[in-house]
file final-v2.txt (compact mmCIF, N, CA and C atoms)
# COMPACT_ATOMS: atom_id res chain seq x y z
N MET M 1 -5.68 25.79 1.73
CA MET M 1 -5.27 24.41 1.56
C MET M 1 -4.27 24.36 0.41
N ASP M 2 -3.13 23.74 0.64
CA ASP M 2 -2.15 23.67 -0.45
C ASP M 2 -2.54 22.59 -1.45
N ALA M 3 -1.91 22.64 -2.62
CA ALA M 3 -2.27 21.72 -3.72
C ALA M 3 -2.09 20.27 -3.33
N SER M 4 -1.04 19.96 -2.60
CA SER M 4 -0.78 18.58 -2.21
C SER M 4 -1.90 18.03 -1.33
N GLN M 5 -2.35 18.82 -0.37
CA GLN M 5 -3.46 18.39 0.49
C GLN M 5 -4.75 18.23 -0.31
N LEU M 6 -4.99 19.16 -1.23
CA LEU M 6 -6.18 19.09 -2.07
C LEU M 6 -6.18 17.84 -2.92
N ILE M 7 -5.04 17.51 -3.50
CA ILE M 7 -4.92 16.30 -4.32
C ILE M 7 -5.12 15.06 -3.45
N ASP M 8 -4.49 15.03 -2.27
CA ASP M 8 -4.65 13.89 -1.37
C ASP M 8 -6.12 13.67 -1.00
N GLN M 9 -6.83 14.75 -0.68
CA GLN M 9 -8.24 14.62 -0.30
C GLN M 9 -9.09 14.19 -1.48
N THR M 10 -8.79 14.72 -2.65
CA THR M 10 -9.55 14.34 -3.85
C THR M 10 -9.40 12.85 -4.14
N ILE M 11 -8.17 12.36 -4.15
CA ILE M 11 -7.92 10.95 -4.43
C ILE M 11 -8.52 10.08 -3.32
N ALA M 12 -8.40 10.52 -2.07
CA ALA M 12 -8.97 9.76 -0.95
C ALA M 12 -10.48 9.63 -1.07
N LEU M 13 -11.14 10.67 -1.56
CA LEU M 13 -12.58 10.59 -1.75
C LEU M 13 -12.96 9.66 -2.90
N LEU M 14 -12.14 9.62 -3.94
CA LEU M 14 -12.46 8.81 -5.11
C LEU M 14 -12.04 7.35 -4.98
N GLN M 15 -10.90 7.06 -4.37
CA GLN M 15 -10.37 5.70 -4.36
C GLN M 15 -11.27 4.65 -3.73
N PRO M 16 -11.92 4.91 -2.61
CA PRO M 16 -12.74 3.83 -2.02
C PRO M 16 -13.84 3.30 -2.94
N VAL M 17 -14.30 4.12 -3.84
CA VAL M 17 -15.34 3.65 -4.75
C VAL M 17 -14.77 3.17 -6.08
N GLY M 18 -13.47 3.26 -6.24
CA GLY M 18 -12.82 2.89 -7.49
C GLY M 18 -13.05 1.46 -7.91
N HIS M 19 -13.13 0.56 -6.95
CA HIS M 19 -13.29 -0.85 -7.32
C HIS M 19 -14.65 -1.15 -7.93
N TYR M 20 -15.55 -0.17 -7.97
CA TYR M 20 -16.84 -0.37 -8.59
C TYR M 20 -16.79 -0.09 -10.10
N GLY M 21 -15.63 0.36 -10.58
CA GLY M 21 -15.42 0.56 -12.01
C GLY M 21 -16.47 1.46 -12.64
N PRO M 22 -17.12 0.99 -13.70
CA PRO M 22 -18.10 1.82 -14.40
C PRO M 22 -19.27 2.27 -13.52
N GLU M 23 -19.50 1.61 -12.41
CA GLU M 23 -20.60 2.00 -11.52
C GLU M 23 -20.19 3.12 -10.57
N ILE M 24 -19.01 3.70 -10.76
CA ILE M 24 -18.51 4.72 -9.85
C ILE M 24 -19.50 5.89 -9.70
N ALA M 25 -20.20 6.23 -10.77
CA ALA M 25 -21.12 7.35 -10.72
C ALA M 25 -22.32 7.10 -9.82
N THR M 26 -22.57 5.86 -9.44
CA THR M 26 -23.71 5.57 -8.58
C THR M 26 -23.40 5.78 -7.11
N LYS M 27 -22.17 5.97 -6.78
CA LYS M 27 -21.80 6.17 -5.38
C LYS M 27 -21.95 7.64 -5.05
N VAL M 28 -22.79 7.95 -4.10
CA VAL M 28 -23.20 9.32 -3.81
C VAL M 28 -22.03 10.25 -3.47
N ALA M 29 -21.16 9.86 -2.57
CA ALA M 29 -20.10 10.75 -2.10
C ALA M 29 -19.14 11.15 -3.21
N ALA M 30 -18.85 10.25 -4.13
CA ALA M 30 -17.87 10.54 -5.17
C ALA M 30 -18.50 10.93 -6.50
N SER M 31 -19.77 10.75 -6.65
CA SER M 31 -20.42 10.97 -7.93
C SER M 31 -20.21 12.38 -8.46
N ALA M 32 -20.52 13.38 -7.67
CA ALA M 32 -20.38 14.76 -8.12
C ALA M 32 -18.93 15.10 -8.41
N LEU M 33 -18.05 14.64 -7.55
CA LEU M 33 -16.62 14.90 -7.74
C LEU M 33 -16.10 14.21 -9.00
N TRP M 34 -16.47 12.95 -9.18
CA TRP M 34 -16.02 12.20 -10.35
C TRP M 34 -16.55 12.82 -11.64
N ASP M 35 -17.83 13.14 -11.65
CA ASP M 35 -18.43 13.75 -12.84
C ASP M 35 -17.77 15.08 -13.17
N TRP M 36 -17.52 15.87 -12.14
CA TRP M 36 -16.85 17.16 -12.32
C TRP M 36 -15.46 16.95 -12.92
N LEU M 37 -14.70 16.02 -12.34
CA LEU M 37 -13.34 15.75 -12.79
C LEU M 37 -13.33 15.25 -14.24
N LYS M 38 -14.23 14.34 -14.57
CA LYS M 38 -14.31 13.83 -15.94
C LYS M 38 -14.62 14.95 -16.93
N GLU M 39 -15.54 15.79 -16.58
CA GLU M 39 -15.93 16.90 -17.46
C GLU M 39 -14.77 17.88 -17.64
N LYS M 40 -14.13 18.26 -16.56
CA LYS M 40 -13.01 19.21 -16.64
C LYS M 40 -11.83 18.61 -17.39
N PHE M 41 -11.49 17.37 -17.10
CA PHE M 41 -10.33 16.74 -17.72
C PHE M 41 -10.57 16.39 -19.19
N SER M 42 -11.81 16.19 -19.58
CA SER M 42 -12.10 15.89 -20.99
C SER M 42 -11.76 17.08 -21.88
N ARG M 43 -11.73 18.28 -21.30
CA ARG M 43 -11.44 19.50 -22.05
C ARG M 43 -10.01 19.99 -21.87
N ARG M 44 -9.23 19.35 -21.01
CA ARG M 44 -7.87 19.85 -20.73
C ARG M 44 -6.85 19.37 -21.76
N SER M 45 -6.59 18.11 -21.79
CA SER M 45 -5.58 17.56 -22.70
C SER M 45 -5.88 16.08 -22.90
N ALA M 46 -5.25 15.51 -23.90
CA ALA M 46 -5.43 14.07 -24.14
C ALA M 46 -4.90 13.27 -22.95
N ALA M 47 -3.80 13.71 -22.35
CA ALA M 47 -3.22 12.99 -21.21
C ALA M 47 -4.14 13.03 -19.99
N ALA M 48 -4.76 14.17 -19.75
CA ALA M 48 -5.68 14.30 -18.62
C ALA M 48 -6.91 13.42 -18.84
N ALA M 49 -7.47 13.47 -20.03
CA ALA M 49 -8.65 12.64 -20.34
C ALA M 49 -8.31 11.16 -20.24
N GLU M 50 -7.13 10.78 -20.71
CA GLU M 50 -6.72 9.38 -20.64
C GLU M 50 -6.54 8.94 -19.20
N ALA M 51 -6.03 9.82 -18.34
CA ALA M 51 -5.85 9.47 -16.93
C ALA M 51 -7.18 9.11 -16.28
N VAL M 52 -8.21 9.88 -16.57
CA VAL M 52 -9.55 9.61 -16.03
C VAL M 52 -10.09 8.30 -16.59
N THR M 53 -9.94 8.09 -17.88
CA THR M 53 -10.43 6.86 -18.52
C THR M 53 -9.74 5.63 -17.95
N GLU M 54 -8.43 5.71 -17.75
CA GLU M 54 -7.69 4.56 -17.22
C GLU M 54 -8.14 4.21 -15.80
N VAL M 55 -8.38 5.21 -14.96
CA VAL M 55 -8.87 4.93 -13.61
C VAL M 55 -10.25 4.30 -13.68
N GLU M 56 -11.08 4.82 -14.56
CA GLU M 56 -12.44 4.30 -14.70
C GLU M 56 -12.44 2.86 -15.21
N MET M 57 -11.54 2.54 -16.11
CA MET M 57 -11.50 1.19 -16.69
C MET M 57 -10.78 0.18 -15.80
N SER M 58 -9.73 0.63 -15.11
CA SER M 58 -8.94 -0.28 -14.26
C SER M 58 -8.60 0.40 -12.93
N PRO M 59 -9.62 0.60 -12.08
CA PRO M 59 -9.39 1.32 -10.83
C PRO M 59 -8.53 0.55 -9.83
N GLY M 60 -8.36 -0.73 -10.02
CA GLY M 60 -7.54 -1.51 -9.11
C GLY M 60 -6.05 -1.36 -9.35
N GLN M 61 -5.67 -0.72 -10.43
CA GLN M 61 -4.27 -0.51 -10.77
C GLN M 61 -3.77 0.79 -10.13
N GLU M 62 -2.90 0.67 -9.15
CA GLU M 62 -2.40 1.85 -8.43
C GLU M 62 -1.72 2.84 -9.37
N VAL M 63 -1.07 2.35 -10.41
CA VAL M 63 -0.39 3.26 -11.34
C VAL M 63 -1.38 4.21 -12.01
N ASN M 64 -2.60 3.76 -12.25
CA ASN M 64 -3.61 4.64 -12.85
C ASN M 64 -3.95 5.80 -11.92
N TRP M 65 -4.02 5.53 -10.63
CA TRP M 65 -4.28 6.59 -9.64
C TRP M 65 -3.10 7.55 -9.57
N GLN M 66 -1.89 7.02 -9.70
CA GLN M 66 -0.70 7.89 -9.66
C GLN M 66 -0.67 8.82 -10.87
N VAL M 67 -1.05 8.31 -12.03
CA VAL M 67 -1.10 9.14 -13.23
C VAL M 67 -2.18 10.20 -13.07
N LEU M 68 -3.35 9.81 -12.54
CA LEU M 68 -4.41 10.78 -12.30
C LEU M 68 -3.94 11.85 -11.32
N ARG M 69 -3.25 11.44 -10.27
CA ARG M 69 -2.71 12.38 -9.29
C ARG M 69 -1.76 13.37 -9.97
N ALA M 70 -0.89 12.88 -10.85
CA ALA M 70 0.06 13.75 -11.56
C ALA M 70 -0.67 14.74 -12.47
N GLN M 71 -1.68 14.26 -13.18
CA GLN M 71 -2.44 15.14 -14.05
C GLN M 71 -3.22 16.18 -13.24
N LEU M 72 -3.71 15.78 -12.10
CA LEU M 72 -4.42 16.70 -11.23
C LEU M 72 -3.48 17.78 -10.70
N ALA M 73 -2.27 17.37 -10.31
CA ALA M 73 -1.28 18.34 -9.83
C ALA M 73 -0.94 19.36 -10.92
N LYS M 74 -0.76 18.88 -12.14
CA LYS M 74 -0.46 19.77 -13.26
C LYS M 74 -1.61 20.74 -13.51
N ALA M 75 -2.82 20.22 -13.51
CA ALA M 75 -4.00 21.07 -13.76
C ALA M 75 -4.16 22.13 -12.68
N LEU M 76 -3.95 21.75 -11.43
CA LEU M 76 -4.11 22.71 -10.34
C LEU M 76 -3.02 23.78 -10.36
N ALA M 77 -1.84 23.42 -10.80
CA ALA M 77 -0.75 24.39 -10.90
C ALA M 77 -1.01 25.41 -12.03
N GLU M 78 -1.70 24.97 -13.05
CA GLU M 78 -1.94 25.82 -14.22
C GLU M 78 -3.22 26.65 -14.14
N ASP M 79 -4.17 26.24 -13.31
CA ASP M 79 -5.51 26.85 -13.36
C ASP M 79 -6.04 27.14 -11.96
N GLU M 80 -5.96 28.40 -11.54
CA GLU M 80 -6.41 28.80 -10.21
C GLU M 80 -7.93 28.64 -10.05
N ALA M 81 -8.70 28.90 -11.10
CA ALA M 81 -10.15 28.75 -11.02
C ALA M 81 -10.52 27.28 -10.79
N LEU M 82 -9.83 26.39 -11.46
CA LEU M 82 -10.05 24.96 -11.27
C LEU M 82 -9.75 24.58 -9.82
N ARG M 83 -8.68 25.12 -9.29
CA ARG M 83 -8.31 24.84 -7.90
C ARG M 83 -9.38 25.32 -6.93
N ARG M 84 -9.91 26.52 -7.15
CA ARG M 84 -10.98 27.03 -6.27
C ARG M 84 -12.22 26.14 -6.34
N GLU M 85 -12.60 25.74 -7.55
CA GLU M 85 -13.77 24.88 -7.72
C GLU M 85 -13.58 23.54 -7.01
N LEU M 86 -12.40 22.95 -7.19
CA LEU M 86 -12.13 21.66 -6.58
C LEU M 86 -12.08 21.78 -5.05
N THR M 87 -11.50 22.84 -4.56
CA THR M 87 -11.45 23.06 -3.11
C THR M 87 -12.86 23.09 -2.53
N ALA M 88 -13.75 23.81 -3.17
CA ALA M 88 -15.14 23.90 -2.70
C ALA M 88 -15.84 22.55 -2.78
N LEU M 89 -15.61 21.83 -3.86
CA LEU M 89 -16.27 20.53 -4.04
C LEU M 89 -15.76 19.51 -3.02
N VAL M 90 -14.45 19.47 -2.80
CA VAL M 90 -13.88 18.54 -1.82
C VAL M 90 -14.38 18.89 -0.42
N ALA M 91 -14.41 20.16 -0.09
CA ALA M 91 -14.90 20.58 1.23
C ALA M 91 -16.36 20.17 1.44
N GLN M 92 -17.12 20.22 0.39
CA GLN M 92 -18.54 19.83 0.46
C GLN M 92 -18.70 18.34 0.73
N HIS M 93 -17.82 17.51 0.19
CA HIS M 93 -17.98 16.06 0.28
C HIS M 93 -17.05 15.38 1.26
N ALA M 94 -16.06 16.11 1.78
CA ALA M 94 -15.10 15.49 2.71
C ALA M 94 -15.80 15.17 4.03
N PRO M 95 -15.51 14.00 4.58
CA PRO M 95 -16.11 13.65 5.86
C PRO M 95 -15.53 14.52 6.98
N ALA M 96 -16.37 14.84 7.94
CA ALA M 96 -15.91 15.60 9.09
C ALA M 96 -15.05 14.70 9.97
N THR M 97 -14.01 15.27 10.54
CA THR M 97 -13.14 14.49 11.42
C THR M 97 -12.98 15.20 12.74
N SER M 98 -12.75 14.42 13.77
CA SER M 98 -12.46 14.99 15.07
C SER M 98 -11.52 14.04 15.79
N GLN M 99 -10.82 14.59 16.75
CA GLN M 99 -9.91 13.79 17.54
C GLN M 99 -10.11 14.13 19.00
N LYS M 100 -9.90 13.13 19.84
CA LYS M 100 -10.04 13.32 21.27
C LYS M 100 -9.01 12.44 21.95
N ALA M 101 -8.36 12.97 22.96
CA ALA M 101 -7.39 12.19 23.72
C ALA M 101 -7.65 12.41 25.19
N SER M 102 -7.82 11.33 25.92
CA SER M 102 -7.98 11.38 27.37
C SER M 102 -6.73 10.76 27.98
N VAL M 103 -6.06 11.53 28.83
CA VAL M 103 -4.79 11.08 29.40
C VAL M 103 -4.87 11.19 30.91
N THR M 104 -4.48 10.13 31.58
CA THR M 104 -4.44 10.11 33.03
C THR M 104 -3.03 9.73 33.47
N GLY M 105 -2.53 10.40 34.48
CA GLY M 105 -1.20 10.06 34.98
C GLY M 105 -0.19 11.14 34.69
N ASP M 106 1.05 10.84 35.01
CA ASP M 106 2.13 11.81 34.84
C ASP M 106 3.06 11.39 33.71
N GLN M 107 3.70 12.35 33.12
CA GLN M 107 4.73 12.17 32.11
C GLN M 107 4.27 11.33 30.92
N ASN M 108 3.04 11.54 30.51
CA ASN M 108 2.50 10.87 29.33
C ASN M 108 2.83 11.69 28.09
N VAL M 109 2.93 11.02 26.99
CA VAL M 109 3.12 11.68 25.70
C VAL M 109 1.92 11.33 24.84
N VAL M 110 1.27 12.36 24.28
CA VAL M 110 0.12 12.17 23.41
C VAL M 110 0.49 12.70 22.04
N VAL M 111 0.35 11.88 21.03
CA VAL M 111 0.64 12.29 19.66
C VAL M 111 -0.64 12.18 18.86
N GLN M 112 -1.02 13.27 18.22
CA GLN M 112 -2.18 13.27 17.34
C GLN M 112 -1.74 13.76 15.98
N VAL M 113 -2.05 12.98 14.98
CA VAL M 113 -1.72 13.36 13.61
C VAL M 113 -3.01 13.77 12.93
N HIS M 114 -2.97 14.93 12.30
CA HIS M 114 -4.14 15.39 11.57
C HIS M 114 -3.70 16.01 10.26
N GLY M 115 -4.52 15.91 9.25
CA GLY M 115 -4.18 16.46 7.94
C GLY M 115 -3.15 15.58 7.24
N SER M 116 -1.92 15.97 7.31
CA SER M 116 -0.86 15.20 6.70
C SER M 116 0.14 14.80 7.77
N ALA M 117 1.08 13.96 7.42
CA ALA M 117 2.07 13.51 8.38
C ALA M 117 2.91 14.65 8.90
N ASN M 118 2.93 15.77 8.20
CA ASN M 118 3.71 16.92 8.64
C ASN M 118 2.99 17.73 9.72
N ALA M 119 1.71 17.46 9.93
CA ALA M 119 0.92 18.23 10.89
C ALA M 119 0.71 17.39 12.15
N THR M 120 1.68 17.34 12.98
CA THR M 120 1.61 16.53 14.19
C THR M 120 1.59 17.43 15.42
N ASN M 121 0.74 17.10 16.36
CA ASN M 121 0.62 17.85 17.59
C ASN M 121 1.05 16.96 18.73
N VAL M 122 2.15 17.29 19.39
CA VAL M 122 2.64 16.50 20.51
C VAL M 122 2.46 17.31 21.77
N GLN M 123 1.82 16.72 22.75
CA GLN M 123 1.60 17.38 24.03
C GLN M 123 2.19 16.52 25.13
N ARG M 124 2.87 17.16 26.06
CA ARG M 124 3.46 16.46 27.20
C ARG M 124 2.78 16.92 28.46
call {"tool": "encode", "arguments": {"input": "final-v2.txt", "output": "structure tokens"}}
result
Amino acid sequence: MDASQLIDQTIALLQPVGHYGPEIATKVAASALWDWLKEKFSRRSAAAAEAVTEVEMSPGQEVNWQVLRAQLAKALAEDEALRRELTALVAQHAPATSQKASVTGDQNVVVQVHGSANATNVQR
């Protein structure tokens, strides 16, 4: 999994519970991930720690998520062990997905998007 996909999945797992603010730790799916991220980022740099604090204090502000995303990208680029840990944690908590397409008739076009917008499967 490349860093961009890992960051997208991490933020996607955290954002839905963001509007709960300080109660974020009570949400089961994101609790372990959030706690892990807070612990790791508290030891990285002041900017990383601040990014986590800002999301926790004002999760409704999209700019806070963008800053967290940037800090996460920087951390993953600098630390392969961190990337491996996060990959395992995201895989553990990511929801399973499946796709199915039933097509009847002639000359139909079926488009299925999976993963990112760059991963498109077109069948004729």
call {"tool": "select_by_dssp", "arguments": {"input": "final-v2.txt", "residues": "segment 48-102 of chain M", "states": "alpha helix (DSSP H)", "output": "PyMOL selection string"}}
result
chain M and resi 48-57+62-78+80-93
call {"tool": "atom_distance", "arguments": {"input": "final-v2.txt", "atom1": "atom N of Glu39 of chain M", "atom2": "atom CA of Leu89 of chain M"}}
result
13.4 Å
call {"tool": "closest_residue", "arguments": {"input": "final-v2.txt", "among": "M:Thr104, M:Thr10, M:Val67, M:Val109", "to": "Glu50 of chain M", "atoms": "only N, CA and C atoms"}}
result
M:Val67
call {"tool": "closest_residue", "arguments": {"input": "final-v2.txt", "among": "M:Ala88, M:Arg69, M:Gly105, M:Leu37", "to": "Asp8 of chain M", "atoms": "all atoms listed in the file"}}
result
M:Arg69
